>>> print(open('start_8.cif').read())   # mmCIF, C-alpha atoms
data_entry
#
loop_
_atom_site.group_PDB
_atom_site.id
_atom_site.type_symbol
_atom_site.label_atom_id
_atom_site.label_comp_id
_atom_site.auth_asym_id
_atom_site.auth_seq_id
_atom_site.Cartn_x
_atom_site.Cartn_y
_atom_site.Cartn_z
ATOM 1 C CA MET A 877 147.444 -45.693 17.252
ATOM 2 C CA PRO A 878 146.042 -46.670 20.687
ATOM 3 C CA PRO A 879 143.899 -44.100 22.505
ATOM 4 C CA VAL A 880 145.579 -42.038 25.201
ATOM 5 C CA GLU A 881 144.580 -42.787 28.767
ATOM 6 C CA ARG A 882 142.646 -39.848 30.058
ATOM 7 C CA CYS A 883 142.725 -38.215 33.482
ATOM 8 C CA GLY A 884 140.328 -38.807 36.328
ATOM 9 C CA ARG A 885 138.201 -36.117 37.934
ATOM 10 C CA ASP A 886 141.098 -34.857 40.000
ATOM 11 C CA GLY A 887 143.180 -34.286 36.879
ATOM 12 C CA MET A 888 145.472 -37.229 37.564
ATOM 13 C CA PRO A 889 145.577 -40.337 35.383
ATOM 14 C CA GLY A 890 143.034 -42.884 36.524
ATOM 15 C CA GLN A 891 144.989 -45.503 38.419
ATOM 16 C CA ASN A 892 142.175 -48.039 38.602
ATOM 17 C CA LEU A 893 141.399 -48.117 34.919
ATOM 18 C CA LYS A 894 142.024 -51.507 33.354
ATOM 19 C CA GLN A 895 141.874 -50.027 29.887
ATOM 20 C CA PRO A 896 141.988 -46.549 28.331
ATOM 21 C CA LEU A 897 138.824 -44.511 28.472
ATOM 22 C CA TYR A 898 137.017 -44.110 25.152
ATOM 23 C CA ARG A 899 134.703 -41.192 24.489
ATOM 24 C CA PHE A 900 131.618 -41.773 22.351
ATOM 25 C CA VAL A 901 128.831 -39.531 21.115
ATOM 26 C CA ILE A 902 125.564 -41.291 20.260
ATOM 27 C CA ALA A 903 123.423 -39.120 17.986
ATOM 28 C CA ASP A 904 119.861 -40.341 17.507
ATOM 29 C CA ASP A 905 116.498 -38.687 18.125
ATOM 30 C CA HIS A 906 114.919 -41.869 19.516
ATOM 31 C CA PRO A 907 115.656 -42.195 23.268
ATOM 32 C CA LEU A 908 114.939 -45.922 23.316
ATOM 33 C CA PHE A 909 117.447 -46.649 20.576
ATOM 34 C CA ARG A 910 120.023 -44.325 22.157
ATOM 35 C CA GLY A 911 119.609 -46.320 25.346
ATOM 36 C CA ALA A 912 120.006 -49.630 23.528
ATOM 37 C CA LEU A 913 123.119 -48.379 21.725
ATOM 38 C CA ARG A 914 124.519 -47.051 25.004
ATOM 39 C CA GLU A 915 124.098 -50.489 26.578
ATOM 40 C CA ALA A 916 125.791 -52.110 23.594
ATOM 41 C CA VAL A 917 128.771 -49.750 23.848
ATOM 42 C CA ALA A 918 129.014 -49.866 27.649
ATOM 43 C CA GLY A 919 128.879 -53.659 27.602
ATOM 44 C CA SER A 920 132.002 -53.785 25.460
ATOM 45 C CA PHE A 921 133.967 -50.834 26.865
ATOM 46 C CA ASP A 922 133.763 -50.772 30.654
ATOM 47 C CA ASN A 923 135.279 -47.337 31.083
ATOM 48 C CA ALA A 924 133.531 -45.650 28.169
ATOM 49 C CA ASP A 925 132.452 -42.035 28.496
ATOM 50 C CA ILE A 926 129.192 -41.927 26.517
ATOM 51 C CA ALA A 927 127.353 -38.710 25.630
ATOM 52 C CA GLU A 928 123.969 -38.637 23.906
ATOM 53 C CA ALA A 929 122.490 -36.143 21.446
ATOM 54 C CA GLY A 930 118.844 -36.027 20.406
ATOM 55 C CA CYS A 931 119.313 -33.391 17.686
ATOM 56 C CA PHE A 932 122.211 -32.501 15.437
ATOM 57 C CA ASP A 933 123.057 -29.176 17.087
ATOM 58 C CA GLU A 934 123.816 -31.077 20.278
ATOM 59 C CA VAL A 935 126.370 -33.228 18.453
ATOM 60 C CA SER A 936 128.681 -30.306 17.669
ATOM 61 C CA LYS A 937 128.290 -28.912 21.197
ATOM 62 C CA LEU A 938 129.256 -32.257 22.719
ATOM 63 C CA ILE A 939 132.300 -32.667 20.480
ATOM 64 C CA ASP A 940 133.441 -29.099 21.172
ATOM 65 C CA ARG A 941 132.852 -29.533 24.908
ATOM 66 C CA HIS A 942 134.638 -32.863 25.280
ATOM 67 C CA GLY A 943 137.482 -32.098 22.893
ATOM 68 C CA GLU A 944 138.812 -35.585 22.260
ATOM 69 C CA VAL A 945 136.047 -37.845 20.937
ATOM 70 C CA ASP A 946 136.981 -41.304 19.717
ATOM 71 C CA LEU A 947 133.810 -42.093 17.783
ATOM 72 C CA VAL A 948 130.477 -40.577 16.765
ATOM 73 C CA LEU A 949 127.578 -42.968 16.145
ATOM 74 C CA LEU A 950 125.269 -40.986 13.862
ATOM 75 C CA ASP A 951 121.706 -41.597 12.721
ATOM 76 C CA LEU A 952 121.080 -40.110 9.263
ATOM 77 C CA ALA A 953 117.531 -39.041 10.102
ATOM 78 C CA MET A 954 117.385 -36.663 13.054
ATOM 79 C CA PRO A 955 116.306 -33.046 13.712
ATOM 80 C CA GLY A 956 118.708 -30.480 12.271
ATOM 81 C CA VAL A 957 119.968 -32.464 9.290
ATOM 82 C CA ARG A 958 118.742 -33.597 5.928
ATOM 83 C CA GLY A 959 119.918 -36.886 4.545
ATOM 84 C CA PHE A 960 123.704 -37.040 4.325
ATOM 85 C CA SER A 961 124.194 -33.399 5.389
ATOM 86 C CA GLY A 962 125.008 -34.331 8.998
ATOM 87 C CA LEU A 963 127.709 -36.726 7.862
ATOM 88 C CA LEU A 964 129.077 -34.135 5.425
ATOM 89 C CA TYR A 965 129.210 -31.507 8.145
ATOM 90 C CA LEU A 966 130.963 -33.714 10.700
ATOM 91 C CA ARG A 967 133.562 -34.932 8.210
ATOM 92 C CA ALA A 968 134.340 -31.327 7.224
ATOM 93 C CA GLN A 969 134.258 -29.829 10.731
ATOM 94 C CA TYR A 970 135.958 -32.682 12.605
ATOM 95 C CA PRO A 971 138.034 -34.614 10.040
ATOM 96 C CA SER A 972 139.970 -36.487 12.731
ATOM 97 C CA VAL A 973 136.835 -37.839 14.461
ATOM 98 C CA PRO A 974 135.589 -41.148 13.001
ATOM 99 C CA VAL A 975 131.869 -41.221 12.229
ATOM 100 C CA VAL A 976 129.893 -44.443 11.985
ATOM 101 C CA VAL A 977 126.397 -44.181 10.518
ATOM 102 C CA VAL A 978 123.798 -46.207 12.428
ATOM 103 C CA SER A 979 120.636 -46.289 10.333
ATOM 104 C CA GLY A 980 117.408 -48.118 9.714
ATOM 105 C CA ASN A 981 117.815 -47.470 5.980
ATOM 106 C CA GLN A 982 119.784 -50.474 4.769
ATOM 107 C CA ASP A 983 119.558 -49.808 1.041
ATOM 108 C CA LEU A 984 122.904 -50.813 -0.465
ATOM 109 C CA THR A 985 123.141 -47.595 -2.477
ATOM 110 C CA VAL A 986 122.692 -45.530 0.674
ATOM 111 C CA VAL A 987 125.379 -47.558 2.450
ATOM 112 C CA ARG A 988 127.827 -46.985 -0.393
ATOM 113 C CA ARG A 989 127.056 -43.245 -0.430
ATOM 114 C CA CYS A 990 127.791 -43.057 3.296
ATOM 115 C CA MET A 991 131.173 -44.641 2.715
ATOM 116 C CA GLU A 992 131.881 -42.301 -0.207
ATOM 117 C CA PHE A 993 131.004 -39.304 1.969
ATOM 118 C CA GLY A 994 133.641 -40.363 4.479
ATOM 119 C CA ALA A 995 131.915 -42.581 7.051
ATOM 120 C CA SER A 996 134.201 -44.998 8.886
ATOM 121 C CA GLY A 997 131.428 -47.545 9.009
ATOM 122 C CA PHE A 998 127.749 -48.307 8.503
ATOM 123 C CA ILE A 999 125.814 -50.259 11.123
ATOM 124 C CA PRO A 1000 122.209 -51.299 10.396
ATOM 125 C CA LYS A 1001 119.928 -50.806 13.382
ATOM 126 C CA THR A 1002 118.768 -54.404 12.988
ATOM 127 C CA LEU A 1003 122.264 -55.750 13.654
ATOM 128 C CA PRO A 1004 122.614 -57.990 16.744
ATOM 129 C CA VAL A 1005 124.303 -56.392 19.761
ATOM 130 C CA GLU A 1006 127.413 -58.553 19.527
ATOM 131 C CA MET A 1007 127.948 -57.581 15.891
ATOM 132 C CA ILE A 1008 127.462 -53.903 16.751
ATOM 133 C CA ARG A 1009 130.169 -54.236 19.390
ATOM 134 C CA GLU A 1010 132.442 -56.029 16.933
ATOM 135 C CA ALA A 1011 131.904 -53.333 14.302
ATOM 136 C CA ILE A 1012 132.666 -50.510 16.758
ATOM 137 C CA GLY A 1013 135.784 -52.308 17.937
ATOM 138 C CA LYS A 1014 137.116 -52.686 14.404
ATOM 139 C CA VAL A 1015 136.551 -48.991 13.647
ATOM 140 C CA LEU A 1016 138.347 -47.983 16.849
ATOM 141 C CA ASP A 1017 141.230 -50.175 15.678
ATOM 142 C CA GLY A 1018 141.408 -48.112 12.502
ATOM 143 C CA ALA A 1019 139.428 -50.352 10.152
ATOM 144 C CA VAL A 1020 136.328 -49.512 8.118
ATOM 145 C CA TRP A 1021 133.245 -51.649 8.796
ATOM 146 C CA TYR A 1022 130.200 -52.188 6.586
ATOM 147 C CA PRO A 1023 127.686 -55.017 6.067
ATOM 148 C CA SER A 1024 129.066 -58.078 4.297
ATOM 149 C CA ASP A 1025 126.548 -57.750 1.452
ATOM 150 C CA VAL A 1026 127.941 -54.346 0.428
ATOM 151 C CA ASP A 1027 130.529 -54.394 -2.320
ATOM 152 C CA PRO A 1028 132.633 -51.211 -1.979
ATOM 153 C CA ALA A 1029 134.350 -52.025 -5.271
ATOM 154 C CA LEU A 1030 131.053 -51.488 -7.043
ATOM 155 C CA GLY A 1031 131.622 -47.837 -7.803
ATOM 156 C CA ALA A 1032 129.112 -45.214 -8.791
ATOM 157 C CA ASP A 1033 128.796 -43.739 -12.265
ATOM 158 C CA SER A 1034 131.008 -40.776 -13.160
ATOM 159 C CA GLU A 1035 128.218 -38.218 -12.660
ATOM 160 C CA THR A 1036 127.537 -39.474 -9.143
ATOM 161 C CA ARG A 1037 131.245 -39.536 -8.290
ATOM 162 C CA GLN A 1038 131.551 -35.911 -9.389
ATOM 163 C CA LEU A 1039 128.518 -34.946 -7.304
ATOM 164 C CA VAL A 1040 129.896 -36.713 -4.233
ATOM 165 C CA SER A 1041 133.268 -35.031 -4.707
ATOM 166 C CA ARG A 1042 131.692 -31.577 -5.060
ATOM 167 C CA LEU A 1043 129.498 -31.963 -1.989
ATOM 168 C CA ALA A 1044 132.388 -33.363 0.049
ATOM 169 C CA GLY A 1045 134.400 -30.250 -0.877
ATOM 170 C CA LEU A 1046 132.040 -27.894 0.963
ATOM 171 C CA THR A 1047 133.155 -26.372 4.254
ATOM 172 C CA PRO A 1048 131.039 -26.997 7.390
ATOM 173 C CA GLN A 1049 129.445 -23.553 7.168
ATOM 174 C CA GLN A 1050 128.729 -24.014 3.458
ATOM 175 C CA VAL A 1051 126.950 -27.291 4.228
ATOM 176 C CA ARG A 1052 124.743 -25.449 6.725
ATOM 177 C CA VAL A 1053 124.019 -22.657 4.260
ATOM 178 C CA LEU A 1054 123.165 -25.133 1.504
ATOM 179 C CA MET A 1055 120.714 -26.940 3.777
ATOM 180 C CA MET A 1056 119.074 -23.651 4.715
ATOM 181 C CA LEU A 1057 118.827 -22.672 1.053
ATOM 182 C CA SER A 1058 117.046 -25.968 0.413
ATOM 183 C CA GLU A 1059 114.549 -25.047 3.134
ATOM 184 C CA GLY A 1060 113.717 -21.842 1.248
ATOM 185 C CA LEU A 1061 115.311 -19.431 3.702
ATOM 186 C CA LEU A 1062 116.369 -15.965 2.531
ATOM 187 C CA ASN A 1063 119.890 -14.623 3.010
ATOM 188 C CA LYS A 1064 118.854 -12.453 5.960
ATOM 189 C CA GLN A 1065 117.154 -15.419 7.627
ATOM 190 C CA ILE A 1066 120.263 -17.559 7.162
ATOM 191 C CA ALA A 1067 122.444 -14.726 8.487
ATOM 192 C CA TYR A 1068 120.278 -14.445 11.609
ATOM 193 C CA ALA A 1069 120.306 -18.209 12.202
ATOM 194 C CA LEU A 1070 124.095 -18.433 11.849
ATOM 195 C CA GLY A 1071 124.874 -15.164 13.626
ATOM 196 C CA VAL A 1072 126.735 -13.687 10.665
ATOM 197 C CA SER A 1073 126.211 -10.788 8.255
ATOM 198 C CA GLU A 1074 124.232 -11.004 5.032
ATOM 199 C CA ALA A 1075 127.438 -10.217 3.170
ATOM 200 C CA THR A 1076 129.017 -13.326 4.695
ATOM 201 C CA VAL A 1077 126.041 -15.426 3.626
ATOM 202 C CA LYS A 1078 126.278 -14.050 0.080
ATOM 203 C CA ALA A 1079 129.956 -14.981 0.014
ATOM 204 C CA HIS A 1080 129.092 -18.506 1.165
ATOM 205 C CA VAL A 1081 126.386 -18.811 -1.508
ATOM 206 C CA SER A 1082 128.817 -17.677 -4.225
ATOM 207 C CA ALA A 1083 131.402 -20.214 -3.042
ATOM 208 C CA ILE A 1084 128.762 -22.961 -2.962
ATOM 209 C CA LEU A 1085 127.669 -22.228 -6.526
ATOM 210 C CA GLN A 1086 131.282 -22.292 -7.677
ATOM 211 C CA LYS A 1087 132.124 -25.549 -5.914
ATOM 212 C CA LEU A 1088 128.967 -27.279 -7.156
ATOM 213 C CA GLY A 1089 129.499 -25.975 -10.692
ATOM 214 C CA VAL A 1090 126.067 -24.326 -10.966
ATOM 215 C CA ASP A 1091 124.878 -20.821 -11.793
ATOM 216 C CA SER A 1092 121.885 -20.300 -9.506
ATOM 217 C CA ARG A 1093 120.519 -20.966 -6.045
ATOM 218 C CA THR A 1094 117.773 -23.067 -7.611
ATOM 219 C CA GLN A 1095 120.318 -25.399 -9.206
ATOM 220 C CA ALA A 1096 122.176 -25.632 -5.897
ATOM 221 C CA VAL A 1097 118.936 -26.586 -4.134
ATOM 222 C CA ILE A 1098 118.324 -29.316 -6.720
ATOM 223 C CA ILE A 1099 121.745 -30.757 -5.920
ATOM 224 C CA ALA A 1100 121.026 -30.430 -2.194
ATOM 225 C CA SER A 1101 117.898 -32.537 -2.678
ATOM 226 C CA LYS A 1102 120.140 -35.358 -3.853
ATOM 227 C CA ILE A 1103 121.702 -35.482 -0.394
ATOM 228 C CA ASP A 1104 118.466 -37.136 0.732
ATOM 229 C CA PRO A 1105 119.092 -40.914 0.927
ATOM 230 C CA GLU A 1106 115.647 -41.536 -0.607
ATOM 231 C CA GLN A 1107 116.816 -39.755 -3.751
ATOM 232 C CA TRP A 1108 119.776 -42.120 -4.089
ATOM 233 C CA GLN A 1109 117.559 -45.103 -3.339
ATOM 234 C CA GLN A 1110 114.958 -44.107 -5.940
ATOM 235 C CA ALA A 1111 117.660 -43.478 -8.525
ATOM 236 C CA ALA A 1112 119.155 -46.907 -7.931
ATOM 237 C CA GLU A 1113 115.737 -48.555 -8.202
ATOM 238 C CA SER A 1114 114.997 -46.754 -11.469
ATOM 239 C CA GLU A 1115 118.237 -48.111 -12.931
ATOM 240 C CA HIS A 1116 117.013 -51.646 -12.266
#
>>> encode(input="start_8.cif", output="structure tokens")
Amino acid sequence: MPPVERCGRDGMPGQNLKQPLYRFVIADDHPLFRGALREAVAGSFDNADIAEAGCFDEVSKLIDRHGEVDLVLLDLAMPGVRGFSGLLYLRAQYPSVPVVVVSGNQDLTVVRRCMEFGASGFIPKTLPVEMIREAIGKVLDGAVWYPSDVDPALGADSETRQLVSRLAGLTPQQVRVLMMLSEGLLNKQIAYALGVSEATVKAHVSAILQKLGVDSRTQAVIIASKIDPEQWQQAAESEH
């Protein structure tokens, strides 16, 4: 479905636009790479509205502020997230917003996990500018883009599939709580950080344990550690 042409500053449809205006959010904690990615996007979409986020909290604020966002370009490693948790949160909180992971970690297992967690694409940071533009264009057209050396048909083992399914079933707030549990925060600390009551946090913890199929916070934290891409990478290497 083609994007809807958006209004100009005066609230009227832009009459001089040669193409619809796309809205992008670039989420990366490295200003130089954000700038390079901005140039790559702007060079392909003349009327693009591009917002930048240097930490994960800014990503949600930008999406909430702009309303209609056509694509989020997300780095896995940035302040406020751990491993795949940022991707998990965005897919749960904004299911209609496509998310493309742009990462320096090109391990094939990590790429496949990103796709299994709901990414619309995976772009290595080493990819040439023209290929980055091509990948973004295909995703905006509704396709899924990943490096040619990734075989999506090569599925994970049943245990990993179950883990992915359980983690993907968490709500956005439950993802946040799980990440805070993994940082060793107490219920009252989590409640303060999220602006909710301790009773609400306890309810989230109980729901997390149930969804993950574990009996304790410690077991939940162990599962949370597997969200770290390095854990997947090390597991894959040990199998070989």
>>> closest_residue(input="start_8.cif", among="A:Lys1014, A:Arg1009, A:Arg958, A:Arg988", to="Val917 in chain A", atoms="only C-alpha atoms")
A:Arg1009
>>> resolve_selection(input="start_8.cif", expression="the PyMOL selection byres ((chain A and resi 1012) around 9)", output="mmCIF file with C-alpha atoms, in the coordinates of the input")
data_model
loop_
_atom_site.group_PDB
_atom_site.id
_atom_site.type_symbol
_atom_site.label_atom_id
_atom_site.label_comp_id
_atom_site.auth_asym_id
_atom_site.auth_seq_id
_atom_site.Cartn_x
_atom_site.Cartn_y
_atom_site.Cartn_z
ATOM 1 C CA VAL A 917 128.771 -49.750 23.848
ATOM 2 C CA LEU A 947 133.810 -42.093 17.783
ATOM 3 C CA VAL A 976 129.893 -44.443 11.985
ATOM 4 C CA GLY A 997 131.428 -47.545 9.009
ATOM 5 C CA ILE A 999 125.814 -50.259 11.123
ATOM 6 C CA MET A 1007 127.948 -57.581 15.891
ATOM 7 C CA ILE A 1008 127.462 -53.903 16.751
ATOM 8 C CA ARG A 1009 130.169 -54.236 19.390
ATOM 9 C CA GLU A 1010 132.442 -56.029 16.933
ATOM 10 C CA ALA A 1011 131.904 -53.333 14.302
ATOM 11 C CA GLY A 1013 135.784 -52.308 17.937
ATOM 12 C CA LYS A 1014 137.116 -52.686 14.404
ATOM 13 C CA VAL A 1015 136.551 -48.991 13.647
ATOM 14 C CA LEU A 1016 138.347 -47.983 16.849
ATOM 15 C CA ASP A 1017 141.230 -50.175 15.678
ATOM 16 C CA TRP A 1021 133.245 -51.649 8.796
#
>>> resolve_selection(input="start_8.cif", expression="the PyMOL selection byres ((chain A and resi 896-910) around 9)", output="number ranges by chain")
A: 878-883, 893-895, 911-915, 917, 921-932, 934-935, 938-939, 942, 944-955, 978, 1001
>>> write_last_selection(input="start_8.cif", atoms="C-alpha atoms", output="PDB file, in the frame of the given file")
ATOM      1  CA  PRO A 878     146.042 -46.670  20.687  1.00  0.00           C
ATOM      2  CA  PRO A 879     143.899 -44.100  22.505  1.00  0.00           C
ATOM      3  CA  VAL A 880     145.579 -42.038  25.201  1.00  0.00           C
ATOM      4  CA  GLU A 881     144.580 -42.787  28.767  1.00  0.00           C
ATOM      5  CA  ARG A 882     142.646 -39.848  30.058  1.00  0.00           C
ATOM      6  CA  CYS A 883     142.725 -38.215  33.482  1.00  0.00           C
ATOM      7  CA  LEU A 893     141.399 -48.117  34.919  1.00  0.00           C
ATOM      8  CA  LYS A 894     142.024 -51.507  33.354  1.00  0.00           C
ATOM      9  CA  GLN A 895     141.874 -50.027  29.887  1.00  0.00           C
ATOM     10  CA  GLY A 911     119.609 -46.320  25.346  1.00  0.00           C
ATOM     11  CA  ALA A 912     120.006 -49.630  23.528  1.00  0.00           C
ATOM     12  CA  LEU A 913     123.119 -48.379  21.725  1.00  0.00           C
ATOM     13  CA  ARG A 914     124.519 -47.051  25.004  1.00  0.00           C
ATOM     14  CA  GLU A 915     124.098 -50.489  26.578  1.00  0.00           C
ATOM     15  CA  VAL A 917     128.771 -49.750  23.848  1.00  0.00           C
ATOM     16  CA  PHE A 921     133.967 -50.834  26.865  1.00  0.00           C
ATOM     17  CA  ASP A 922     133.763 -50.772  30.654  1.00  0.00           C
ATOM     18  CA  ASN A 923     135.279 -47.337  31.083  1.00  0.00           C
ATOM     19  CA  ALA A 924     133.531 -45.650  28.169  1.00  0.00           C
ATOM     20  CA  ASP A 925     132.452 -42.035  28.496  1.00  0.00           C
ATOM     21  CA  ILE A 926     129.192 -41.927  26.517  1.00  0.00           C
ATOM     22  CA  ALA A 927     127.353 -38.710  25.630  1.00  0.00           C
ATOM     23  CA  GLU A 928     123.969 -38.637  23.906  1.00  0.00           C
ATOM     24  CA  ALA A 929     122.490 -36.143  21.446  1.00  0.00           C
ATOM     25  CA  GLY A 930     118.844 -36.027  20.406  1.00  0.00           C
ATOM     26  CA  CYS A 931     119.313 -33.391  17.686  1.00  0.00           C
ATOM     27  CA  PHE A 932     122.211 -32.501  15.437  1.00  0.00           C
ATOM     28  CA  GLU A 934     123.816 -31.077  20.278  1.00  0.00           C
ATOM     29  CA  VAL A 935     126.370 -33.228  18.453  1.00  0.00           C
ATOM     30  CA  LEU A 938     129.256 -32.257  22.719  1.00  0.00           C
ATOM     31  CA  ILE A 939     132.300 -32.667  20.480  1.00  0.00           C
ATOM     32  CA  HIS A 942     134.638 -32.863  25.280  1.00  0.00           C
ATOM     33  CA  GLU A 944     138.812 -35.585  22.260  1.00  0.00           C
ATOM     34  CA  VAL A 945     136.047 -37.845  20.937  1.00  0.00           C
ATOM     35  CA  ASP A 946     136.981 -41.304  19.717  1.00  0.00           C
ATOM     36  CA  LEU A 947     133.810 -42.093  17.783  1.00  0.00           C
ATOM     37  CA  VAL A 948     130.477 -40.577  16.765  1.00  0.00           C
ATOM     38  CA  LEU A 949     127.578 -42.968  16.145  1.00  0.00           C
ATOM     39  CA  LEU A 950     125.269 -40.986  13.862  1.00  0.00           C
ATOM     40  CA  ASP A 951     121.706 -41.597  12.721  1.00  0.00           C
ATOM     41  CA  LEU A 952     121.080 -40.110   9.263  1.00  0.00           C
ATOM     42  CA  ALA A 953     117.531 -39.041  10.102  1.00  0.00           C
ATOM     43  CA  MET A 954     117.385 -36.663  13.054  1.00  0.00           C
ATOM     44  CA  PRO A 955     116.306 -33.046  13.712  1.00  0.00           C
ATOM     45  CA  VAL A 978     123.798 -46.207  12.428  1.00  0.00           C
ATOM     46  CA  LYS A1001     119.928 -50.806  13.382  1.00  0.00           C
TER      47      LYS A1001
END
>>> closest_atom_pairs(input="start_8.cif", of="range 998-1072 of chain A", to="range 1086-1103 of chain A", cutoff="12 Å", atoms="all atoms listed in the file", output="Markdown table")
| residue | atom | partner | partner_atom | distance |
| --- | --- | --- | --- | --- |
| A:Glu1035 | CA | A:Ile1099 | CA | 12.0 |
| A:Thr1036 | CA | A:Lys1102 | CA | 10.0 |
| A:Gln1038 | CA | A:Leu1088 | CA | 9.3 |
| A:Leu1039 | CA | A:Leu1088 | CA | 7.7 |
| A:Val1040 | CA | A:Ile1103 | CA | 9.1 |
| A:Ser1041 | CA | A:Leu1088 | CA | 9.2 |
| A:Arg1042 | CA | A:Leu1088 | CA | 5.5 |
| A:Leu1043 | CA | A:Leu1088 | CA | 7.0 |
| A:Ala1044 | CA | A:Lys1087 | CA | 9.8 |
| A:Gly1045 | CA | A:Lys1087 | CA | 7.3 |
| A:Leu1046 | CA | A:Lys1087 | CA | 7.3 |
| A:Thr1047 | CA | A:Lys1087 | CA | 10.3 |
| A:Gln1050 | CA | A:Lys1087 | CA | 10.1 |
| A:Val1051 | CA | A:Ala1100 | CA | 9.3 |
| A:Arg1052 | CA | A:Ala1100 | CA | 10.9 |
| A:Val1053 | CA | A:Ala1100 | CA | 10.5 |
| A:Leu1054 | CA | A:Ala1100 | CA | 6.8 |
| A:Met1055 | CA | A:Ala1100 | CA | 6.9 |
| A:Met1056 | CA | A:Val1097 | CA | 9.3 |
| A:Leu1057 | CA | A:Val1097 | CA | 6.5 |
| A:Ser1058 | CA | A:Val1097 | CA | 5.0 |
| A:Glu1059 | CA | A:Val1097 | CA | 8.6 |
| A:Gly1060 | CA | A:Val1097 | CA | 8.9 |
| A:Leu1061 | CA | A:Arg1093 | CA | 11.2 |
| A:Leu1062 | CA | A:Arg1093 | CA | 10.8 |
| A:Asn1063 | CA | A:Arg1093 | CA | 11.1 |
>>> atom_distance(input="start_8.cif", atom1="CA of Asp1025 in chain A", atom2="CA of Val987 in chain A")
10.3 Å
>>> axis_aligned_box(input="start_8.cif", around="range 895-912 of chain A", padding_each_side="5 Å", output="AutoDock Vina command-line options")
--center_x 128.5 --center_y -44.4 --center_z 23.7 --size_x 37.1 --size_y 21.3 --size_z 22.4
>>> atom_distance(input="start_8.cif", atom1="CA of Ala1069 in chain A", atom2="CA of Arg967 in chain A")
21.7 Å
>>> closest_residue(input="start_8.cif", among="A:Leu1003, A:His1080, A:Ala1067, A:Gly994", to="Tyr970 in chain A", atoms="all atoms listed in the file")
A:Gly994
>>> residues_around(input="start_8.cif", residues="Gln1049 in chain A", least_positions_apart="6", cutoff="10 Å", atoms="only C-alpha atoms", output="JSON, numbers by chain")
{"A": [965, 968, 969, 1055, 1070, 1077, 1080]}
>>> atom_distance(input="start_8.cif", atom1="CA of Gly959 in chain A", atom2="CA of Ala1075 in chain A")
27.7 Å
